[in-house]
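Trainee: Just target_13.cif, nothing more (mmCIF, C-alpha atoms and all ligand atoms):
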```cif
data_run
loop_
_atom_site.label_atom_id
_atom_site.label_comp_id
_atom_site.auth_asym_id
_atom_site.auth_seq_id
_atom_site.Cartn_x
_atom_site.Cartn_y
_atom_site.Cartn_z
CA MET A 520 107.84 152.11 105.09
CA LYS A 521 109.55 149.96 107.72
CA SER A 522 112.52 147.62 107.42
CA TYR A 523 113.62 145.44 110.33
CA LEU A 524 117.19 144.47 109.59
CA ASP A 525 118.32 143.44 113.07
CA ASN A 526 117.42 139.77 112.95
CA GLY A 527 120.82 138.88 114.39
CA ALA A 528 119.60 140.53 117.62
CA THR A 529 116.22 138.84 117.55
CA THR A 530 113.51 137.79 115.10
CA ILE A 531 109.76 138.17 114.94
CA VAL A 532 108.03 135.07 116.33
CA ASP A 533 106.41 133.24 113.41
CA PRO A 534 102.59 133.36 113.78
CA ALA A 535 102.52 129.55 113.42
CA VAL A 536 104.88 129.33 116.40
CA VAL A 537 102.63 131.57 118.51
CA LYS A 538 99.64 129.40 117.54
CA ALA A 539 101.46 126.21 118.52
CA MET A 540 102.43 127.65 121.92
CA ILE A 541 99.02 128.96 123.04
CA PRO A 542 97.46 125.67 124.26
CA PHE A 543 100.47 125.14 126.52
CA PHE A 544 99.56 128.13 128.69
CA SER A 545 96.03 127.16 129.55
CA ASP A 546 95.20 123.59 128.41
CA ILE A 547 98.37 121.51 128.56
CA TYR A 548 99.90 123.31 131.52
CA GLY A 549 101.22 120.37 133.53
CA ASN A 550 104.65 120.05 135.06
CA PRO A 551 106.43 117.29 133.11
CA SER A 552 107.98 116.02 136.36
CA SER A 553 104.51 115.29 137.83
CA VAL A 554 103.47 111.65 137.64
CA HIS A 555 99.75 112.32 137.14
CA ASN A 556 98.04 112.50 133.75
CA VAL A 557 98.24 116.28 133.37
CA GLY A 558 101.99 116.22 134.03
CA GLN A 559 102.61 113.22 131.81
CA GLU A 560 100.75 114.82 128.93
CA ALA A 561 103.17 117.77 129.13
CA LYS A 562 106.06 115.28 129.36
CA ARG A 563 105.01 113.69 126.06
CA TYR A 564 105.17 117.06 124.32
CA LEU A 565 108.51 117.82 125.99
CA ASP A 566 109.90 114.53 124.65
CA GLU A 567 108.51 115.17 121.17
CA SER A 568 110.14 118.61 121.09
CA ARG A 569 113.48 117.23 122.28
CA GLU A 570 113.25 114.71 119.46
CA VAL A 571 112.77 117.55 116.92
CA ILE A 572 116.12 119.15 117.85
CA ALA A 573 117.85 115.77 118.11
CA LYS A 574 116.66 114.84 114.61
CA LYS A 575 117.73 118.19 113.18
CA ILE A 576 121.37 117.55 114.18
CA ARG A 577 121.18 113.71 114.11
CA SER A 578 121.95 113.36 117.85
CA SER A 579 120.33 111.08 120.39
CA PHE A 580 117.34 112.30 122.31
CA ASP A 581 119.21 112.35 125.64
CA GLU A 582 122.06 114.44 124.26
CA ILE A 583 119.78 117.54 124.13
CA ILE A 584 119.42 119.73 127.24
CA PHE A 585 116.93 122.59 127.25
CA THR A 586 118.24 125.88 128.68
CA SER A 587 117.00 129.47 128.90
CA GLY A 588 118.85 130.47 125.71
CA GLY A 589 122.20 130.81 124.01
CA THR A 590 123.83 132.61 126.94
CA GLU A 591 123.01 129.86 129.40
CA SER A 592 124.02 127.15 126.92
CA ASP A 593 127.44 128.78 126.47
CA ASN A 594 127.85 129.19 130.24
CA LEU A 595 126.84 125.59 130.91
CA ALA A 596 129.11 124.25 128.18
CA ILE A 597 132.18 126.18 129.32
CA ILE A 598 131.79 126.60 133.08
CA GLY A 599 129.97 123.28 133.53
CA PHE A 600 132.61 121.41 131.51
CA ALA A 601 135.49 123.14 133.30
CA GLY A 602 133.97 122.28 136.69
CA ALA A 603 133.67 118.58 135.87
CA ASN A 604 137.06 118.25 134.18
CA LYS A 605 139.45 120.52 136.09
CA ASP A 606 141.36 117.52 137.42
CA LYS A 607 142.45 116.82 133.79
CA GLY A 608 143.75 120.35 133.18
CA LYS A 609 142.93 124.03 133.44
CA HIS A 610 143.70 125.31 129.97
CA ILE A 611 140.96 126.42 127.56
CA ILE A 612 141.36 127.75 124.02
CA THR A 613 138.89 130.12 122.42
CA THR A 614 139.03 132.86 119.76
CA ASN A 615 139.10 136.65 119.78
CA ILE A 616 135.77 136.88 117.87
CA GLU A 617 133.43 135.12 120.32
CA HIS A 618 130.12 136.36 121.64
CA PRO A 619 130.38 137.78 125.21
CA ALA A 620 128.51 134.70 126.49
CA VAL A 621 131.64 132.68 125.69
CA THR A 622 134.28 135.34 126.38
CA ASN A 623 132.82 136.27 129.76
CA SER A 624 132.36 132.61 130.76
CA CYS A 625 136.07 132.14 130.04
CA ASP A 626 136.90 135.32 131.97
CA ALA A 627 134.95 133.99 134.95
CA LEU A 628 137.04 130.80 134.82
CA LYS A 629 140.24 132.84 134.67
CA LYS A 630 139.38 134.17 138.11
CA GLU A 631 139.14 130.54 139.27
CA GLY A 632 142.69 129.83 138.12
CA PHE A 633 142.06 128.61 134.57
CA ASP A 634 144.39 129.69 131.78
CA ILE A 635 142.62 130.99 128.67
CA SER A 636 144.32 131.28 125.27
CA LYS A 637 142.69 133.19 122.42
CA VAL A 638 143.49 132.30 118.83
CA GLY A 639 143.34 135.05 116.20
CA VAL A 640 141.53 135.18 112.86
CA ASP A 641 142.40 136.30 109.33
CA LYS A 642 141.06 139.46 107.69
CA VAL A 643 137.63 137.98 106.98
CA GLY A 644 137.31 136.22 110.33
CA PHE A 645 138.51 132.64 109.76
CA VAL A 646 140.29 131.07 112.69
CA ASP A 647 143.94 130.22 112.11
CA ILE A 648 143.61 126.47 112.63
CA GLU A 649 147.36 125.80 112.58
CA LYS A 650 147.86 128.37 115.32
CA LEU A 651 144.96 126.85 117.24
CA GLU A 652 146.60 123.42 117.06
CA GLY A 653 149.88 124.97 118.17
CA LEU A 654 148.20 126.31 121.31
CA ILE A 655 147.01 122.86 122.43
CA ARG A 656 148.96 121.66 125.49
CA ASP A 657 148.87 118.61 127.74
CA ASP A 658 146.59 120.44 130.15
CA THR A 659 144.16 121.74 127.46
CA ILE A 660 140.69 120.43 128.19
CA LEU A 661 138.41 122.48 125.95
CA VAL A 662 138.33 124.42 122.68
CA SER A 663 135.39 126.77 122.07
CA VAL A 664 134.97 128.36 118.61
CA ILE A 665 131.91 130.24 117.39
CA HIS A 666 130.27 128.60 114.34
CA GLY A 667 128.59 131.52 112.51
CA ASN A 668 129.89 134.89 113.71
CA ASN A 669 127.15 137.18 114.99
CA GLU A 670 128.82 140.36 113.71
CA ILE A 671 130.53 139.59 110.42
CA GLY A 672 128.85 136.31 109.46
CA THR A 673 131.98 134.18 109.04
CA ILE A 674 131.14 130.45 109.14
CA GLN A 675 134.02 128.44 110.59
CA ASP A 676 134.91 124.99 109.31
CA ILE A 677 133.93 123.17 112.48
CA SER A 678 134.70 119.81 110.85
CA VAL A 679 138.38 120.62 110.51
CA ILE A 680 138.57 122.28 113.94
CA GLY A 681 136.81 119.26 115.45
CA ASP A 682 139.29 116.90 113.77
CA VAL A 683 142.19 118.81 115.31
CA CYS A 684 140.56 118.63 118.74
CA ARG A 685 139.88 114.88 118.35
CA LYS A 686 143.48 114.27 117.30
CA HIS A 687 144.65 115.79 120.59
CA GLY A 688 141.87 114.37 122.76
CA VAL A 689 140.44 117.81 123.52
CA THR A 690 136.69 118.47 123.88
CA PHE A 691 135.22 120.86 121.30
CA HIS A 692 132.33 123.28 121.89
CA THR A 693 130.78 125.54 119.27
CA ASP A 694 128.30 128.39 119.65
CA ALA A 695 125.82 127.81 116.81
CA VAL A 696 123.30 130.41 117.98
CA GLN A 697 123.48 132.37 114.71
CA SER A 698 124.04 129.47 112.34
CA PHE A 699 121.43 127.00 113.58
CA THR A 700 118.97 126.03 110.80
CA LYS A 701 121.02 128.16 108.36
CA VAL A 702 124.02 125.86 108.15
CA PRO A 703 123.36 122.11 108.44
CA ILE A 704 124.96 120.42 111.46
CA ASP A 705 125.21 116.65 111.60
CA VAL A 706 126.86 115.44 114.80
CA LYS A 707 127.31 111.97 113.31
CA ASN A 708 129.76 113.45 110.79
CA ILE A 709 131.15 116.50 112.58
CA PRO A 710 133.44 115.84 115.55
CA VAL A 711 131.87 118.44 117.83
CA ASP A 712 131.09 117.62 121.47
CA MET A 713 128.88 120.48 122.64
CA ILE A 714 126.73 122.92 120.63
CA SER A 715 124.79 125.97 121.87
CA PHE A 716 121.42 126.92 120.32
CA SER A 717 118.89 129.70 120.86
CA SER A 718 115.25 129.89 119.77
CA HIS A 719 114.70 133.62 119.33
CA LYS A 720 117.16 133.90 116.43
CA ILE A 721 115.03 131.55 114.31
CA HIS A 722 111.52 133.01 114.75
CA GLY A 723 110.93 131.17 118.01
CA PRO A 724 110.22 132.71 121.44
CA LYS A 725 112.84 134.31 123.68
CA GLY A 726 114.12 132.67 126.86
CA ILE A 727 114.56 129.19 125.47
CA GLY A 728 117.58 127.44 124.00
CA ALA A 729 119.38 124.15 124.08
CA LEU A 730 122.78 122.58 124.53
CA TYR A 731 123.86 119.45 122.71
CA ILE A 732 126.20 117.40 124.91
CA ARG A 733 127.72 114.34 123.26
CA LYS A 734 127.34 111.11 125.24
CA GLY A 735 130.33 110.59 127.53
CA ILE A 736 131.08 114.32 127.97
CA LYS A 737 130.86 115.23 131.64
CA ILE A 738 129.58 118.57 132.85
CA SER A 739 128.79 119.85 136.34
CA PRO A 740 125.43 121.63 136.59
CA THR A 741 125.76 125.38 137.08
CA SER A 742 122.40 125.66 138.89
CA HIS A 743 121.26 123.29 141.61
CA GLY A 744 117.84 121.83 142.20
CA GLY A 745 115.85 118.86 140.92
CA GLY A 746 117.00 116.20 138.48
CA HIS A 747 115.57 117.84 135.37
CA GLU A 748 117.27 117.58 131.98
CA PHE A 749 119.19 114.40 132.79
CA ASN A 750 120.59 115.98 135.99
CA LYS A 751 122.42 118.58 133.94
CA ARG A 752 120.11 121.61 134.25
CA ALA A 753 117.77 121.96 137.19
CA GLY A 754 114.45 123.79 136.96
CA THR A 755 110.96 123.08 135.67
CA GLU A 756 111.07 123.08 131.88
CA ASN A 757 109.61 126.06 129.99
CA ILE A 758 107.10 123.96 128.05
CA PRO A 759 105.44 126.72 125.96
CA GLY A 760 108.92 127.99 125.01
CA ILE A 761 110.13 124.49 124.17
CA ILE A 762 107.04 123.86 121.98
CA GLY A 763 107.65 127.17 120.19
CA PHE A 764 111.34 126.41 119.70
CA ALA A 765 110.56 123.00 118.19
CA ARG A 766 107.90 124.50 115.90
CA ALA A 767 110.36 127.17 114.74
CA ILE A 768 112.92 124.49 113.89
CA LYS A 769 110.34 122.56 111.87
CA LEU A 770 109.37 125.70 109.95
CA ALA A 771 112.95 126.57 108.98
CA SER A 772 113.86 125.42 105.50
CA HIS A 773 116.83 125.41 103.19
CA SER A 774 114.90 127.49 100.62
CA HIS A 775 114.63 130.34 103.15
CA CYS A 776 118.39 130.41 103.34
CA LYS A 777 118.76 130.46 99.56
CA ASN A 778 116.34 133.43 99.32
CA MET A 779 118.11 135.26 102.13
CA SER A 780 121.55 134.82 100.57
CA ASP A 781 120.25 136.08 97.19
CA LEU A 782 118.78 139.14 98.92
CA ARG A 783 121.96 139.59 101.00
CA ASP A 784 124.10 139.68 97.85
CA TYR A 785 121.65 142.00 96.11
CA PHE A 786 121.83 144.35 99.12
CA ILE A 787 125.63 144.32 99.15
CA SER A 788 125.92 145.03 95.43
CA LYS A 789 123.33 147.85 95.61
CA VAL A 790 125.25 149.51 98.47
CA PHE A 791 128.47 149.24 96.49
CA GLU A 792 126.80 150.71 93.40
CA GLU A 793 125.14 153.59 95.20
CA ILE A 794 127.55 154.62 97.97
CA SER A 795 131.27 155.34 97.72
CA ASP A 796 134.00 154.61 100.28
CA VAL A 797 132.46 151.49 101.81
CA LYS A 798 133.94 148.16 102.86
CA LEU A 799 132.27 144.79 103.34
CA ASN A 800 133.51 143.03 106.47
CA GLY A 801 133.59 139.24 106.57
CA PRO A 802 133.70 136.71 103.74
CA LYS A 803 131.62 136.42 100.58
CA GLY A 804 129.43 133.61 99.34
CA ASP A 805 128.74 130.32 101.07
CA SER A 806 131.09 130.85 103.98
CA ARG A 807 129.06 133.86 105.12
CA LEU A 808 125.81 133.53 107.11
CA CYS A 809 122.98 133.86 104.59
CA ASN A 810 121.38 136.76 106.47
CA ASN A 811 124.43 138.84 107.43
CA VAL A 812 125.70 142.09 105.89
CA ASN A 813 128.34 144.12 107.72
CA ILE A 814 129.55 147.34 106.12
CA SER A 815 131.99 150.06 107.15
CA PHE A 816 131.22 153.56 105.88
CA ALA A 817 134.29 155.81 105.82
CA ASN A 818 134.02 159.25 107.48
CA ILE A 819 130.72 158.43 109.22
CA GLU A 820 129.74 157.73 112.82
CA ALA A 821 127.63 154.57 112.64
CA GLU A 822 125.67 155.71 115.70
CA SER A 823 124.46 158.78 113.76
CA LEU A 824 123.74 156.86 110.58
CA GLY A 825 121.89 154.19 112.58
CA ALA A 826 119.82 156.90 114.31
CA TYR A 827 118.81 158.40 110.93
CA LEU A 828 117.85 154.95 109.69
CA ASP A 829 115.83 154.36 112.86
CA VAL A 830 113.90 157.60 112.38
CA ASN A 831 113.07 156.32 108.91
CA GLY A 832 111.76 152.98 110.23
CA ILE A 833 114.91 150.96 109.54
CA CYS A 834 116.40 148.92 112.39
CA THR A 835 120.09 147.98 112.23
CA SER A 836 122.87 147.47 114.72
CA SER A 837 126.18 149.24 115.20
CA GLY A 838 127.69 146.33 117.10
CA SER A 839 126.11 143.16 118.41
CA ALA A 840 122.96 143.97 120.41
CA CYS A 841 124.62 143.06 123.70
CA SER A 842 127.45 145.52 123.18
CA SER A 843 125.75 148.19 121.11
CA HIS A 844 125.33 150.43 124.15
CA SER A 845 129.07 150.49 124.66
CA LEU A 846 131.28 153.08 123.00
CA GLN A 847 134.08 150.57 122.56
CA PRO A 848 134.70 149.56 118.95
CA SER A 849 133.64 146.01 118.18
CA HIS A 850 136.28 143.47 119.27
CA VAL A 851 135.39 141.38 116.20
CA LEU A 852 136.15 144.23 113.79
CA ILE A 853 139.39 144.98 115.62
CA ALA A 854 140.28 141.26 115.41
CA ILE A 855 139.98 141.32 111.59
CA GLY A 856 142.23 144.38 111.42
CA ILE A 857 139.69 147.18 111.00
CA ASP A 858 140.99 150.36 112.64
CA LYS A 859 139.02 152.06 115.43
CA GLU A 860 137.78 154.91 113.24
CA LEU A 861 136.37 152.60 110.57
CA ALA A 862 135.00 150.20 113.20
CA ASN A 863 133.01 153.11 114.60
CA GLY A 864 131.57 153.70 111.11
CA THR A 865 130.24 150.17 110.76
CA LEU A 866 126.67 148.89 110.66
CA ARG A 867 125.37 145.34 110.76
CA PHE A 868 122.24 144.51 108.76
CA THR A 869 120.71 141.10 109.41
CA LEU A 870 117.90 139.80 107.22
CA SER A 871 115.20 137.23 107.91
CA ARG A 872 113.07 135.04 105.72
CA PHE A 873 110.41 137.78 105.92
CA THR A 874 112.70 140.51 104.50
CA THR A 875 111.61 141.76 101.06
CA LYS A 876 113.41 143.29 98.08
CA GLU A 877 111.31 146.45 98.55
CA GLU A 878 112.66 146.79 102.11
CA ILE A 879 116.21 146.42 100.83
CA ASP A 880 115.68 149.01 98.06
CA TYR A 881 114.17 151.41 100.58
CA THR A 882 117.07 150.84 102.99
CA VAL A 883 119.69 151.56 100.31
CA ASP A 884 117.87 154.79 99.33
CA VAL A 885 117.78 156.03 102.93
CA LEU A 886 121.36 154.91 103.55
CA LYS A 887 122.61 156.79 100.49
CA LYS A 888 120.80 160.00 101.40
CA HIS A 889 122.00 160.09 105.01
CA ALA A 890 125.51 158.81 104.34
CA ASN A 891 125.98 161.67 101.88
CA LYS A 892 124.51 164.18 104.32
CA LEU A 893 126.72 163.04 107.20
CA ARG A 894 129.81 163.03 105.03
CA LYS A 895 129.22 166.64 104.01
CA ILE A 896 129.51 167.75 107.65
CA SER A 897 132.25 165.30 108.63
CA PRO A 898 135.76 166.72 109.22
CA LEU A 899 137.17 163.33 108.11
CA LYS A 900 137.99 162.97 104.43
CA ARG A 901 139.23 159.42 104.13
CA VAL A 902 139.12 157.67 100.78
CA LEU A 903 138.31 153.94 100.73
CA LYS A 904 138.53 151.74 97.71
CA ASN A 905 135.13 150.00 97.52
CA VAL A 906 136.22 146.47 98.31
CA PHE A 907 133.76 143.73 97.55
C1 LIG A 1001 126.61 134.02 118.76
C2 LIG A 1001 125.70 134.24 119.91
N1 LIG A 1001 125.84 133.51 121.03
C3 LIG A 1001 125.03 133.65 122.09
C4 LIG A 1001 124.04 134.58 122.08
C5 LIG A 1001 123.14 134.71 123.27
O1 LIG A 1001 121.91 134.08 123.01
P1 LIG A 1001 120.61 134.42 123.88
O2 LIG A 1001 120.16 135.78 123.47
O3 LIG A 1001 119.62 133.34 123.51
O4 LIG A 1001 121.01 134.35 125.30
C6 LIG A 1001 123.85 135.40 120.95
C7 LIG A 1001 122.82 136.46 120.92
O5 LIG A 1001 122.95 137.45 120.26
C8 LIG A 1001 124.70 135.21 119.84
O6 LIG A 1001 124.57 135.94 118.73
#
```
When written as structure tokens, how does the structure in this file appear?
Mentor:
Amino acid sequence: MKSYLDNGATTIVDPAVVKAMIPFFSDIYGNPSSVHNVGQEAKRYLDESREVIAKKIRSSFDEIIFTSGGTESDNLAIIGFAGANKDKGKHIITTNIEHPAVTNSCDALKKEGFDISKVGVDKVGFVDIEKLEGLIRDDTILVSVIHGNNEIGTIQDISVIGDVCRKHGVTFHTDAVQSFTKVPIDVKNIPVDMISFSSHKIHGPKGIGALYIRKGIKISPTSHGGGHEFNKRAGTENIPGIIGFARAIKLASHSHCKNMSDLRDYFISKVFEEISDVKLNGPKGDSRLCNNVNISFANIEAESLGAYLDVNGICTSSGSACSSHSLQPSHVLIAIGIDKELANGTLRFTLSRFTTKEEIDYTVDVLKKHANKLRKISPLKRVLKNVF
């Protein structure tokens, strides 16, 4: 049996998405910037797809910029915004649980003379909003806070954070790569100015994403070329990718999320029933991403447990995919107060709408067997109260 539980890293492309994309390789292959018929036909589909994302978050059509994915969207939001607004100030606030696409964009700005403040989180990963407000200064231009955390699934209250930013006249960016289509976002009601999206986390193709930029927010392009994407992101649009992304958005439904959260909670309770000395990281219930489970196993090296699972056809992650080759403990787990030893015994399991109960039962069986085996040979004998 196989069980792919690394959907936070990437998802299978829905067969309906693949089908929708195929004509755009060989039939409707025009460049949407070309004025002739073939180009203009592609342009119509580009516009339709842009409208799909705009509708999903209730933005205007021209507030959506297509990018190559979540990483580029985060870079464009942070570096592009900083470039266009540095005359107003050089202070940016972010958190200590961001994805590297945000953290490293901020680090790049630090080298350019920007000052970066990082606000901490509580023990399940919620940003301390009072502290965040306290960090805002006259020269603060931008706040960037991840919406749904990629490691521990915490969903921040971006409405309240946005209100604080509005109150102080500071622009607010959120990385919604993991939460998009799982948590509704309505830019008419939520005071957020820029939002990053990625297609391959929602059963769309890789290499395509988008950035919402509220009207009136100025950004400097980070790549230079033609006037594509309202002069904000140069380069011929990836039409097959954009078509696939739009199709994936249309296929996503609220009922998928309900099924995933039921399965997520079933998985967590089974692990707690079957395996001792475990800890769930991140919040419970509705403020957790519907597909995220993150568990620390005392006295176990997650790398070894993950390898045993892999041999048995189960894919998980012992950190976010981008950092899982590093031996450093996860900065997100450290931020919520998990010690290094326990952080190194932690696995992330991320479900999709295709995950079945049989896969979860199989995963718990394999986990139990190998956790017990590894604990028998471990010199560590730590006792953890099963906290759920
Ligand atoms: C929260 C978050 N932001 C950004 C990214 C980067 O997205 P992409 O892989 O589309 O570049 C990821 C990918 O894991 C992510 O989880």
Trainee: Write out as a list of chain:residue names which residues come within 10 Å of Ser739 of chain A when counting all atoms listed in the file, dropping same-chain ones fewer than 6 positions away.
Mentor: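 Residues near the query, excluding close chain neighbours: A:Leu595, A:Ala596, A:Ile598, A:Gly599, A:Phe600, A:Ala601, A:Gly602, A:Ala603, A:Asn604, A:Asn750, A:Lys751, A:Arg752.
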Trainee: Please identify all protein, DNA and RNA residues within 6 Å of ligand LIG 1001 (chain A), counting only C-alpha atoms and all ligand atoms, and report them as a VMD selection string.
Mentor: chain A and resid 528 588 to 590 618 620 669 694 696 to 697 717
Trainee: So how far away is atom CA of Thr835 of chain A from atom CA of Val885 of chain A, in Å?
Mentor: 12.5 Å
Trainee: Which neighbours of Ala539 of chain A fall inside 8 Å, counting only C-alpha atoms, when residues of the same chain fewer than 5 positions from it are skipped, and could you give them as a PyMOL selection string?
Mentor: chain A and resi 762-763+766
Trainee: Which residues, written as a ChimeraX atom specification, have at least one atom at most 9 Å from segment 858-868 of chain A, with all atoms listed in the file counted and residues fewer than 3 positions away on the same chain left out?
Mentor: /A:523-527,670-671,798,800,810-822,824-825,834-839,846-849,852-853
Trainee: Please compute the atom CA of Ile833 of chain A-atom CA of Ser522 of chain A distance, one decimal, in Å.
Mentor: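 Going from atom CA of Ile833 of chain A over to atom CA of Ser522 of chain A, I get 4.6 Å.
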Trainee: When distances are computed from all atoms listed in the file, which of A:Thr613, A:Ser592, A:Ser552, A:Asn623 shows the smallest separation from Ser715 of chain A?
Mentor: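 Once distances to Ser715 of chain A are computed over all atoms listed in the file, the minimum belongs to A:Ser592.
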